[in-house]
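Here is the file run_7.txt (compact mmCIF, C-alpha atoms).
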```txt
# COMPACT_ATOMS: atom_id res chain seq x y z
CA MET A 154 -17.07 -6.02 -18.88
CA MET A 155 -16.07 -2.36 -18.90
CA ARG A 156 -18.83 -1.70 -16.38
CA PHE A 157 -17.49 -4.47 -14.13
CA TYR A 158 -14.03 -2.84 -14.05
CA CYS A 159 -15.33 0.69 -13.54
CA ILE A 160 -17.63 -0.24 -10.69
CA GLY A 161 -14.95 -2.51 -9.20
CA PHE A 162 -12.32 0.23 -9.19
CA LEU A 163 -14.72 2.79 -7.78
CA VAL A 164 -15.54 0.37 -4.94
CA LEU A 165 -11.82 -0.24 -4.36
CA LEU A 166 -11.14 3.49 -4.32
CA ALA A 167 -14.01 4.06 -1.89
CA PHE A 168 -12.70 1.38 0.51
CA ASP A 169 -9.11 2.71 0.34
CA THR A 170 -10.23 6.28 0.91
CA MET A 171 -12.48 5.26 3.80
CA GLU A 172 -9.63 3.25 5.35
CA GLN A 173 -7.17 6.16 5.31
CA THR A 174 -9.73 8.68 6.57
CA CYS A 175 -10.61 6.37 9.47
CA PHE A 176 -6.89 5.96 10.26
CA LYS A 177 -6.53 9.73 10.45
CA TYR A 178 -9.56 10.07 12.72
CA ALA A 179 -8.23 7.27 14.95
CA GLY A 180 -4.95 9.17 15.28
CA MET A 181 -6.82 12.37 16.15
CA VAL A 182 -9.02 10.68 18.75
CA ALA A 183 -6.05 8.96 20.41
CA ALA A 184 -3.94 12.15 20.41
CA PRO A 185 -1.60 13.18 21.95
CA LEU A 186 0.71 10.47 20.73
CA GLU A 187 2.67 8.78 23.48
CA PHE A 188 4.49 5.49 23.61
CA SER A 189 2.43 3.90 26.35
CA SER A 190 -0.17 1.20 26.79
CA SER A 191 -2.82 3.85 27.44
CA TRP A 192 -2.30 5.23 23.92
CA LEU A 193 -2.61 1.71 22.48
CA GLU A 194 -5.80 1.19 24.49
CA LYS A 195 -7.21 4.44 23.13
CA VAL A 196 -6.52 3.27 19.58
CA ILE A 197 -7.97 -0.20 20.18
CA SER A 198 -11.14 1.12 21.87
CA CYS A 199 -11.75 3.79 19.24
CA PRO A 200 -14.48 2.95 16.66
CA TRP A 201 -12.47 4.62 13.85
CA SER A 202 -9.85 1.85 14.12
CA TYR A 203 -12.53 -0.68 13.24
CA GLY A 204 -13.65 1.50 10.35
CA ALA A 205 -10.08 1.39 9.07
CA LEU A 206 -9.98 -2.38 9.52
CA CYS A 207 -13.26 -2.78 7.60
CA GLY A 208 -11.90 -0.54 4.83
CA TYR A 209 -8.78 -2.68 4.67
CA LEU A 210 -10.68 -5.97 4.50
CA GLY A 211 -13.13 -4.52 1.97
CA SER A 212 -10.39 -3.27 -0.32
CA PHE A 213 -8.55 -6.60 -0.03
CA ALA A 214 -11.66 -8.55 -1.08
CA THR A 215 -12.41 -6.12 -3.93
CA TRP A 216 -8.80 -6.23 -5.13
CA MET A 217 -8.77 -10.04 -5.18
CA THR A 218 -12.07 -10.12 -7.09
CA LEU A 219 -10.82 -7.59 -9.63
CA LEU A 220 -7.51 -9.39 -10.15
CA ARG A 221 -9.31 -12.54 -11.24
CA ARG A 222 -10.21 -10.75 -14.46
CA ALA A 223 -8.45 -7.39 -14.75
CA PRO A 224 -4.88 -7.22 -16.11
CA ILE A 225 -2.38 -6.47 -13.32
CA GLY A 226 -0.73 -3.37 -14.85
CA PRO A 227 -3.75 -1.07 -15.22
CA ALA A 228 -5.25 -2.53 -12.04
CA PHE A 229 -2.09 -1.62 -10.09
CA ALA A 230 -2.18 1.94 -11.42
CA ALA A 231 -5.90 2.39 -10.74
CA SER A 232 -5.49 1.12 -7.20
CA HIS A 233 -3.12 4.00 -6.43
CA LEU A 234 -5.57 6.71 -7.44
CA GLU A 235 -6.43 6.87 -3.74
CA ILE A 236 -3.63 9.46 -3.54
CA VAL A 237 -5.91 11.82 -5.46
CA THR A 238 -9.16 11.03 -3.62
CA VAL A 239 -7.55 11.11 -0.16
CA THR A 240 -5.76 14.41 -0.86
CA CYS A 241 -8.96 16.06 -2.12
CA LEU A 242 -11.04 14.66 0.72
CA SER A 243 -8.54 15.74 3.39
CA ALA A 244 -8.44 19.26 1.94
CA TRP A 245 -12.20 19.32 2.40
CA ILE A 246 -12.67 17.53 5.76
CA PHE A 247 -9.44 18.40 7.56
CA HIS A 248 -8.81 21.74 5.79
CA GLU A 249 -5.32 20.63 4.80
CA PRO A 250 -3.66 23.22 2.55
CA MET A 251 -2.97 22.37 -1.11
CA THR A 252 0.69 23.28 -1.48
CA TRP A 253 2.82 23.18 -4.63
CA HIS A 254 5.02 20.55 -3.02
CA LYS A 255 2.02 18.30 -2.56
CA ILE A 256 0.52 18.83 -6.01
CA LEU A 257 3.81 18.42 -7.90
CA GLY A 258 5.00 15.54 -5.68
CA GLY A 259 1.65 13.79 -6.06
CA VAL A 260 1.77 14.14 -9.85
CA LEU A 261 5.32 12.67 -9.92
CA ILE A 262 4.25 9.72 -7.74
CA LEU A 263 1.25 9.05 -9.98
CA LEU A 264 3.41 9.25 -13.13
CA GLY A 265 5.79 6.79 -11.49
CA VAL A 266 2.92 4.43 -10.72
CA PHE A 267 1.77 4.61 -14.36
CA CYS A 268 5.30 3.73 -15.51
CA LEU A 269 5.31 0.71 -13.19
CA ALA A 270 1.89 -0.28 -14.52
CA LYS A 271 3.27 -0.07 -18.04
CA ALA A 272 6.24 -2.19 -16.96
CA GLU A 273 3.95 -4.87 -15.49
CA HIS A 274 1.93 -4.92 -18.68
CA ALA A 275 5.08 -5.33 -20.79
CA VAL A 276 6.52 -8.07 -18.54
CA ALA A 277 3.19 -9.92 -18.52
CA SER A 278 2.82 -9.90 -22.31
CA LYS A 279 6.48 -10.87 -22.73
CA ASN A 280 5.99 -13.86 -20.40
CA ALA A 281 2.82 -14.80 -22.27
CA GLY A 282 4.85 -14.58 -25.50
CA THR A 283 7.57 -16.94 -24.23
CA LEU A 284 4.90 -19.33 -23.02
CA ASP A 285 3.26 -19.30 -26.45
CA ALA A 286 6.64 -19.87 -28.08
CA GLN A 287 7.35 -22.84 -25.79
CA GLN A 288 3.98 -24.36 -26.49
CA ALA A 289 4.33 -23.95 -30.26
CA MET B 107 8.41 17.02 9.01
CA THR B 108 9.44 16.36 12.60
CA SER B 109 12.09 13.73 13.33
CA LEU B 110 9.44 11.71 15.19
CA ALA B 111 7.23 11.62 12.07
CA PHE B 112 10.24 10.64 9.96
CA LEU B 113 11.15 7.86 12.37
CA LEU B 114 7.57 6.54 12.39
CA TRP B 115 7.58 6.63 8.58
CA LEU B 116 10.85 4.65 8.48
CA VAL B 117 9.53 2.02 10.90
CA ASN B 118 6.28 1.75 8.96
CA MET B 119 8.06 1.35 5.63
CA SER B 120 10.42 -1.33 7.00
CA MET B 121 7.57 -3.27 8.60
CA ASP B 122 5.45 -3.08 5.47
CA THR B 123 8.27 -4.32 3.29
CA PHE B 124 9.19 -7.09 5.72
CA GLY B 125 5.53 -8.13 5.95
CA HIS B 126 5.11 -8.33 2.17
CA LEU B 127 8.35 -10.29 1.80
CA SER B 128 7.26 -12.73 4.52
CA PHE B 129 3.99 -13.35 2.67
CA LYS B 130 5.91 -13.86 -0.56
CA ILE B 131 8.21 -16.43 1.09
CA ALA B 132 5.27 -18.23 2.72
CA ALA B 133 3.25 -18.24 -0.50
CA SER B 134 6.01 -19.50 -2.78
CA ARG B 135 6.43 -22.77 -0.85
CA GLY B 136 4.19 -25.71 -1.56
CA GLY B 137 3.74 -25.35 -5.30
CA GLY B 138 1.85 -28.27 -6.88
CA LEU B 139 -0.29 -28.93 -3.80
CA SER B 140 -4.08 -29.01 -3.99
CA THR B 141 -5.89 -25.86 -2.78
CA GLY B 142 -6.86 -27.35 0.59
CA ALA B 143 -3.41 -28.77 1.28
CA TYR B 144 -1.79 -25.53 0.13
CA TRP B 145 -3.78 -23.47 2.63
CA ARG B 146 -3.18 -25.98 5.44
CA GLN B 147 0.58 -25.85 4.98
CA LEU B 148 0.40 -22.06 4.54
CA LEU B 149 -1.32 -21.66 7.92
CA LYS B 150 1.43 -23.68 9.57
CA HIS B 151 4.13 -21.61 7.90
CA PRO B 152 6.08 -19.40 10.37
CA TRP B 153 6.66 -16.73 7.69
CA LEU B 154 2.91 -16.25 7.28
CA TRP B 155 2.63 -15.46 10.98
CA ALA B 156 5.68 -13.22 10.84
CA GLY B 157 3.90 -11.28 8.09
CA ILE B 158 0.63 -11.06 10.00
CA SER B 159 2.41 -9.86 13.17
CA CYS B 160 4.16 -7.22 11.11
CA TYR B 161 0.84 -5.99 9.73
CA VAL B 162 -0.69 -5.79 13.22
CA CYS B 163 2.20 -3.67 14.53
CA GLU B 164 2.17 -1.61 11.37
CA PHE B 165 -1.48 -0.72 11.97
CA PHE B 166 -0.55 1.14 15.17
CA VAL B 167 2.56 2.70 13.68
CA TRP B 168 0.48 4.06 10.80
CA VAL B 169 -2.09 5.58 13.20
CA ALA B 170 0.80 7.18 15.12
CA PHE B 171 2.38 8.47 11.88
CA LEU B 172 -0.88 9.97 10.59
CA SER B 173 -1.38 11.75 13.90
CA GLN B 174 1.86 13.62 13.15
CA VAL B 175 1.38 14.59 9.48
CA PRO B 176 -1.56 15.75 7.33
CA LEU B 177 -3.47 12.81 5.83
CA GLY B 178 -2.80 13.76 2.19
CA VAL B 179 0.93 13.97 2.86
CA GLY B 180 0.90 10.70 4.83
CA VAL B 181 -0.73 8.75 2.03
CA MET B 182 1.71 10.15 -0.54
CA LEU B 183 4.76 9.37 1.60
CA GLY B 184 3.31 5.90 2.22
CA SER B 185 3.48 5.07 -1.49
CA PHE B 186 7.26 4.78 -1.14
CA ASN B 187 6.69 1.14 -0.12
CA ILE B 188 6.28 0.37 -3.84
CA VAL B 189 9.89 1.41 -4.43
CA LEU B 190 11.22 -0.56 -1.45
CA LEU B 191 9.36 -3.68 -2.58
CA MET B 192 10.69 -3.43 -6.14
CA ILE B 193 14.26 -3.17 -4.83
CA ALA B 194 13.73 -5.99 -2.31
CA GLY B 195 12.17 -8.16 -5.04
CA ARG B 196 15.22 -7.54 -7.19
CA LEU B 197 17.69 -8.36 -4.38
CA LEU B 198 15.93 -11.36 -2.85
CA PHE B 199 13.90 -12.93 -5.64
CA LYS B 200 15.94 -11.84 -8.67
CA GLU B 201 12.94 -10.03 -10.10
CA MET B 202 13.59 -8.03 -13.24
CA LEU B 203 14.20 -4.27 -13.20
CA THR B 204 13.17 -3.13 -16.67
CA GLY B 205 13.59 0.39 -18.03
CA TRP B 206 10.02 1.40 -17.24
CA ARG B 207 10.34 0.03 -13.71
CA ILE B 208 13.52 2.02 -13.03
CA PHE B 209 11.90 5.14 -14.50
CA GLY B 210 8.83 4.60 -12.30
CA ILE B 211 10.99 4.09 -9.20
CA VAL B 212 12.89 7.32 -9.90
CA LEU B 213 9.67 9.34 -10.40
CA ILE B 214 8.04 7.99 -7.22
CA THR B 215 11.21 8.64 -5.20
CA LEU B 216 11.41 12.23 -6.50
CA GLY B 217 7.72 12.75 -5.73
CA VAL B 218 8.10 11.41 -2.18
CA ILE B 219 11.17 13.61 -1.56
CA LEU B 220 9.31 16.66 -2.85
CA VAL B 221 6.23 16.01 -0.69
CA GLY B 222 8.45 15.29 2.33
CA MET B 223 10.41 18.51 1.82
CA GLY B 224 7.20 20.53 1.80
CA GLU B 225 6.42 19.44 5.35
```

Now, as a test, write the supplied structure out as structure tokens.
Amino acid sequence: MMRFYCIGFLVLLAFDTMEQTCFKYAGMVAAPLEFSSSWLEKVISCPWSYGALCGYLGSFATWMTLLRRAPIGPAFAASHLEIVTVTCLSAWIFHEPMTWHKILGGVLILLGVFCLAKAEHAVASKNAGTLDAQQA
Amino acid sequence: MTSLAFLLWLVNMSMDTFGHLSFKIAASRGGGLSTGAYWRQLLKHPWLWAGISCYVCEFFVWVAFLSQVPLGVGVMLGSFNIVLLMIAGRLLFKEMLTGWRIFGIVLITLGVILVGMGE
């Protein structure tokens, strides 16, 4: 079971990371940004957009499969680890600088996500408790 | 961050929240129906299509936004939709805001502000 979760979350993370990287490439290919139909055409005709779409559909399918068995709280938290993978990957591919603002801000966001995951877990077990009490 | 990037971020966040809420409204109708009937009535539901249209527009807005900011920053700023959805869920669907949820919302908001200020 543990293996199912680990592999599932790695697949989810891979799809999310691929999606965001493709989005960035699509934006770069279609640059400069202008509010015109020619910009929209550039985005639609660019293969990276379809990579992003595939990443989106892939992560949606993986997420739905995982949620059938994984508890929502930890699953929610794990699904936001893309912040870490995308930041590391973009430092490597796009040579984006690692600033203190980014590192500290990213840590705060992740801590916040973990708190929300904890909240979901608590709410879920509380609801399960009331249900048990009603049934008893 | 340029004002254009900020504007694109605002539009993206509003569309994302509106899209999610539309799906929630569409999905919460038709309880007690069989799976087939549930999906048939869901496909006819205007809110489902409102949500899908929102997502399609959002796709382009996100590409435009990422062309203006570094990818790592964009993804971090994008996580603010969690906060907006929690607040909208509270206002529209009377969802609970427990201590941990409020604490999480505050941390994410601070993180997003910090990342945004660095740009």

Checklist entry - For chain B against chain A, which residues fall within 8 Å using all atoms listed in the file, given as a PyMOL selection string? => result chain B and resi 166+168-170+172-173+176-179+181-182+185+204-207+209-221+223-224

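Look at Phe112 in chain B: the protein and nucleic acid residues within 10 Å of it, using only C-alpha atoms and passing over chain neighbours fewer than 3 places away, are Met107, Thr108, Ser109, Trp115, Leu116, Val117, Asn118, Phe171, Gln174, Val175 and Gly222 of chain B.
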
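We find CA of Ala156 in chain B and CA of Ser134 in chain B to be spaced 15.0 Å apart.
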
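Take CA of Gly142 in chain B and CA of Asn280 in chain A: the distance between them is 28.1 Å.
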
Item to check | Between CA of Ala132 in chain B and CA of Pro152 in chain B - distance in Å to one decimal | outcome: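 Separation between CA of Pro152 in chain B and CA of Ala132 in chain B: 7.8 Å.
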
Checklist entry - Closest to Met192 in chain B among B:Thr123, B:Thr141, B:Gln147, B:Ser159, using only C-alpha atoms? => result B:Thr123

Next on the checklist: Ranking A:Cys199, A:Ile246, A:Ala223, A:Ala231 by minimum distance to Met155 in chain A and counting all atoms listed in the file, which one comes first?
Outcome noted: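 So, comparing all the options, the nearest one is A:Ala223.
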
Identify, on the basis of all atoms listed in the file, every residue whose closest approach to Ala228 in chain A does not exceed 10 Å; exclude the query and any residue fewer than 2 positions from it along the same chain; express the result as a tab-separated table (two decimals) with C-alpha atoms, in the frame of the given file.
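selection-v1.tsv, freshly written:
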```
chain	number	residue	atom	x	y	z
A	158	TYR	CA	-14.03	-2.84	-14.05
A	162	PHE	CA	-12.32	0.23	-9.19
A	216	TRP	CA	-8.80	-6.23	-5.13
A	219	LEU	CA	-10.82	-7.59	-9.63
A	220	LEU	CA	-7.51	-9.39	-10.15
A	222	ARG	CA	-10.21	-10.75	-14.46
A	223	ALA	CA	-8.45	-7.39	-14.75
A	224	PRO	CA	-4.88	-7.22	-16.11
A	225	ILE	CA	-2.38	-6.47	-13.32
A	226	GLY	CA	-0.73	-3.37	-14.85
A	230	ALA	CA	-2.18	1.94	-11.42
A	231	ALA	CA	-5.90	2.39	-10.74
A	232	SER	CA	-5.49	1.12	-7.20
A	233	HIS	CA	-3.12	4.00	-6.43
A	270	ALA	CA	1.89	-0.28	-14.52
```

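Distance check against Pro227 in chain A using all atoms listed in the file: of A:Glu194, A:His274, A:Thr215, A:Cys207, the minimum falls on A:His274.
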